[in-house]
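Novice: There's a structure below that I have some questions on.
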Amino acid sequence: ELEGNKDQPDCISSVIPGWFSEISPMWPGEAHSLKVEKILFQGKSDYQNVMVFQSSTYGKVLVLDGVIQLTERDECAYQEMITHLPLCSIPNPKKVLVIGGGDGGVLREISRHSSVEQIDMCEIDKMVVNVSKQYFPDIAVGYEDPRVNLHIGDGVAFLKAAPAGSYDAIIVDSSDPIGPAQELFEKPFFESVSKALRPGGVVCTQAESIWLHMHIIEHIMANCRQIFKGSVNYAWTTVPTYPSGVIGFMLCSTEGPPVDFKHPVNPIDANDAYNKSKGPLKFYNSEIHTAAFCLPSFAKKVIESK
Ligand code: SAM
């Protein structure tokens with residue numbers, strides 16, 4: 001059973017009474033706010049503060065260490081893109097690994113792919129998994145897929161121990177690089193990712209916002225260009241409740257059969273019967289896949305120079 005403290009809603013009322021305001025040194029001078037109807041859960045795990053509240057316009061909201069991870073209204077824009085950008089870029093993905101992603105949304109999206117035989121997941125925080133199963137059943141539905149093997153532990157250690165050349169795709173659905181996810185943005189982690197992928201295998205990692213974190217993106221880009229000898233690309237999507245309203249992804253492939261991320265070879269059909277059990281795709285389609293790689297000039301200049 002989950003235990004939390006509903007009496008001490010931190011981060012509520014600090015800007016507007018009765019609203020949640022997302023205040024962080026990662027986006028100084030701004031704080032997106034959502035009106036709170038009710039706090040549903042507050043707890044402290046071994047790794048982070050976990051909170052769930054009912055917002056008045058975005059459904060339920062999951063917050064870790066004061067930072068919004070998802071809302072029921074716009075989670076599709078993130079989960080569908082971080083999953084289908086890599087999986088639709090290679091033919092017949094069979095073995096997929098997820099690092100982070102405790103809410104289960106990425107699992108839900110991977111499970112739409114009938115070619116997939118095995119889905120391993122390594123999430124550090126069991127409380128995130130349990131809270132999601134209790135408060136976000138339409139997202140945590142991903143855990144019901146029999147192809148899923150859940151490991152609770154540090155993704156960095158998990159990948160170090162993973163057999164070389166074993167995955168077709170790795171999806172890194174992490175929180176921001178402050179707290180337990182810090183190492184998931186560092187070079188040794190990307191080296192383990194590259195080793196665990198088969199030749200021509202693909203990785204997609206959460207890679208922050210072009211409006212706020214160009215320095216982090218430059219750093220990740222420079223590391224990835226050294227490590228991934230196939231292709232290295234940056235794509236992005238809109239998520240209204242993420243800081244600055246956008247979030248990006250690094251998409252890389254290892255040396256081997258070439259991967260052209262901009263032209264998906266494994267399209268997913270929103271209407272096929274396999275998808276109906278998870279509800280329809282709400283955001284992803286082949287046109288938005290290709291468009292996601294078009295960058296505004298200011299970002300293109302920096303990203304392509306790396
Ligand atoms: N899927 C979400 C969305 O729609 O935006 C948000 C991100 S998900 C909740 C991020 C997860 O990464 C968290 O559950 C966090 O516990 C997990 N995480 C952070 N550091 C980790 C690590 N080192 N190894 C494994 N999981 C980690």
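Convention: chains lettered A, B, ... in structure tokens order; per-chain residue numbering from 1; ligands numbered from 1 as shown.
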Apply DSSP to the backbone of this structure and, from stretch 45-134 of chain A, keep only the residues in helix (DSSP H, G or I); write these as number ranges by chain.
Specialist: A: 75-87, 105-110, 126-134
Novice: Can you tell me which residues come within 7 Å of ligand 1 when counting only C-alpha atoms and all ligand atoms, ideally as number ranges by chain?
Specialist: A: 69-70, 75, 78-79, 99-103, 105-106, 122-125, 128, 153-156, 173-175, 180-181, 183-184
Novice: So that I can see what lies close to stretch 254-259 of chain A, please list as a list of chain:residue names the residues with an atom at most 6 Å from it, counting only C-alpha atoms and leaving out residues fewer than 5 positions away in the same chain.
Specialist: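 Listing them by chain and then by number gives A:Pro199, A:Gly200, A:Gly201, A:Phe228, A:Lys229, A:Gly230.
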Novice: Counting only C-alpha atoms, which residues in stretch 207-249 of chain A sit no more than 9 Å from stretch 28-32 of chain A? For each one, give the nearest pair of atoms and the distance in Å, sorted by chain then residue number, as a tab-separated table.
Specialist:
residue	atom	partner	partner_atom	distance
A:Thr241	CA	A:His32	CA	7.6
A:Tyr242	CA	A:His32	CA	8.4
A:Pro243	CA	A:His32	CA	6.9
A:Ser244	CA	A:His32	CA	8.6
Novice: I'd like the neighbourhood of A:Ser45 as a PyMOL selection string, where a residue qualifies if any of its atoms comes within 8 Å (using only C-alpha atoms), though same-chain residues fewer than 4 positions away should be ignored.
Specialist: chain A and resi 49-50+125+127
Novice: A:Ile90: which residues within 8 Å, counting only C-alpha atoms, same-chain residues fewer than 5 positions away excluded, as a PyMOL selection string?
Specialist: chain A and resi 202+259+264-266
Novice: Any chance you can output those residues with all heavy atoms as a compact mmCIF listing (two decimals), in the first residue's frame?
Specialist:
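result.txt, freshly written:
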# COMPACT_ATOMS: atom_id res chain seq x y z
N VAL A 202 19.37 1.41 -32.43
CA VAL A 202 19.07 2.83 -32.23
C VAL A 202 18.81 3.18 -30.77
O VAL A 202 18.31 2.36 -30.01
CB VAL A 202 17.84 3.27 -33.07
CG1 VAL A 202 18.16 3.21 -34.54
CG2 VAL A 202 16.61 2.42 -32.75
N VAL A 259 20.81 3.89 -40.65
CA VAL A 259 19.46 4.27 -40.22
C VAL A 259 19.23 5.73 -40.62
O VAL A 259 19.98 6.61 -40.21
CB VAL A 259 19.31 4.13 -38.69
CG1 VAL A 259 17.91 4.56 -38.25
CG2 VAL A 259 19.60 2.69 -38.24
N PRO A 264 10.92 7.28 -41.83
CA PRO A 264 10.56 6.04 -41.14
C PRO A 264 10.30 4.88 -42.10
O PRO A 264 9.57 5.04 -43.09
CB PRO A 264 9.29 6.41 -40.36
CG PRO A 264 8.81 7.70 -40.93
CD PRO A 264 9.99 8.38 -41.52
N VAL A 265 10.93 3.72 -41.82
CA VAL A 265 10.77 2.54 -42.69
C VAL A 265 9.77 1.56 -42.10
O VAL A 265 9.44 0.56 -42.73
CB VAL A 265 12.12 1.80 -42.87
CG1 VAL A 265 13.11 2.64 -43.64
CG2 VAL A 265 12.71 1.39 -41.50
N ASN A 266 9.30 1.84 -40.88
CA ASN A 266 8.44 0.89 -40.18
C ASN A 266 7.21 1.62 -39.65
O ASN A 266 7.02 1.76 -38.45
CB ASN A 266 9.27 0.29 -39.02
CG ASN A 266 8.51 -0.73 -38.21
OD1 ASN A 266 7.61 -1.40 -38.71
ND2 ASN A 266 8.85 -0.86 -36.92
Novice: Restricting the calculation to only C-alpha atoms, which member of A:Leu64, A:Met81, A:Val141, A:Ile39 is positioned closest to A:Gly279?
Specialist: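 Closest candidate: A:Val141.
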Novice: Can you tell me, as a PDB file with C-alpha atoms, in the first residue's frame, what residues are no more than 8 Å from A:Val67 when counting only C-alpha atoms, ignoring any on the same chain fewer than 4 positions away?
Specialist:
ATOM      1  CA  GLU A  22       7.251  24.698 -11.150  1.00  0.00           C
ATOM      2  CA  ILE A  23      10.267  26.503  -9.723  1.00  0.00           C
ATOM      3  CA  SER A  24      13.761  25.196 -10.533  1.00  0.00           C
ATOM      4  CA  VAL A  63       5.530  15.592 -10.102  1.00  0.00           C
TER       5      VAL A  63
END
Novice: Can you pull out every residue within 9 Å of A:Phe298, counting only C-alpha atoms, but drop anything in the same chain fewer than 4 positions away, and send it as a PyMOL selection string?
Specialist: chain A and resi 210+302-303
Novice: Identify, with DSSP run on backbone atoms, the residues in stretch 186-246 of chain A assigned to strand (DSSP E), and express the list as a PDB file with C-alpha atoms, in the first residue's frame.
Specialist:
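The new file states_4.pdb reads:
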ATOM      1  CA  LEU A 197      23.042  -2.063 -29.018  1.00  0.00           C
ATOM      2  CA  ARG A 198      23.381  -4.388 -31.997  1.00  0.00           C
ATOM      3  CA  PRO A 199      25.095  -3.005 -35.146  1.00  0.00           C
ATOM      4  CA  GLY A 200      22.618  -0.526 -36.652  1.00  0.00           C
ATOM      5  CA  GLY A 201      20.667  -0.433 -33.378  1.00  0.00           C
ATOM      6  CA  VAL A 202      19.074   2.833 -32.226  1.00  0.00           C
ATOM      7  CA  VAL A 203      18.831   4.930 -29.087  1.00  0.00           C
ATOM      8  CA  CYS A 204      16.406   7.730 -28.259  1.00  0.00           C
ATOM      9  CA  THR A 205      17.061   9.783 -25.150  1.00  0.00           C
ATOM     10  CA  GLN A 206      15.192  12.659 -23.559  1.00  0.00           C
ATOM     11  CA  VAL A 232      23.296  11.339 -34.739  1.00  0.00           C
ATOM     12  CA  ASN A 233      20.193  13.549 -34.856  1.00  0.00           C
ATOM     13  CA  TYR A 234      18.118  15.897 -32.706  1.00  0.00           C
ATOM     14  CA  ALA A 235      14.316  15.928 -32.908  1.00  0.00           C
ATOM     15  CA  TRP A 236      11.711  17.762 -30.841  1.00  0.00           C
ATOM     16  CA  THR A 237       8.050  17.909 -29.947  1.00  0.00           C
ATOM     17  CA  THR A 238       5.657  20.206 -28.166  1.00  0.00           C
ATOM     18  CA  VAL A 246       8.964  21.877 -25.956  1.00  0.00           C
TER      19      VAL A 246
END
Novice: Nearest residue to A:Leu97 out of A:Ser166, A:Ser114, A:Asn223, A:Thr57, using only C-alpha atoms?
Specialist: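 Ranking A:Ser166, A:Ser114, A:Asn223, A:Thr57 by distance to A:Leu97, first place goes to A:Ser166.
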Novice: Which residue gives the smallest distance to A:Pro146 among A:Leu107, A:Val61, A:Leu295, A:Ile216, with only C-alpha atoms counted?
Specialist: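 Of A:Leu107, A:Val61, A:Leu295, A:Ile216, the one nearest A:Pro146 is A:Leu107, counting only C-alpha atoms.
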Novice: What is the atom CA of A:Lys301 to atom CA of A:Pro177 distance in Å?
Specialist: 23.9 Å
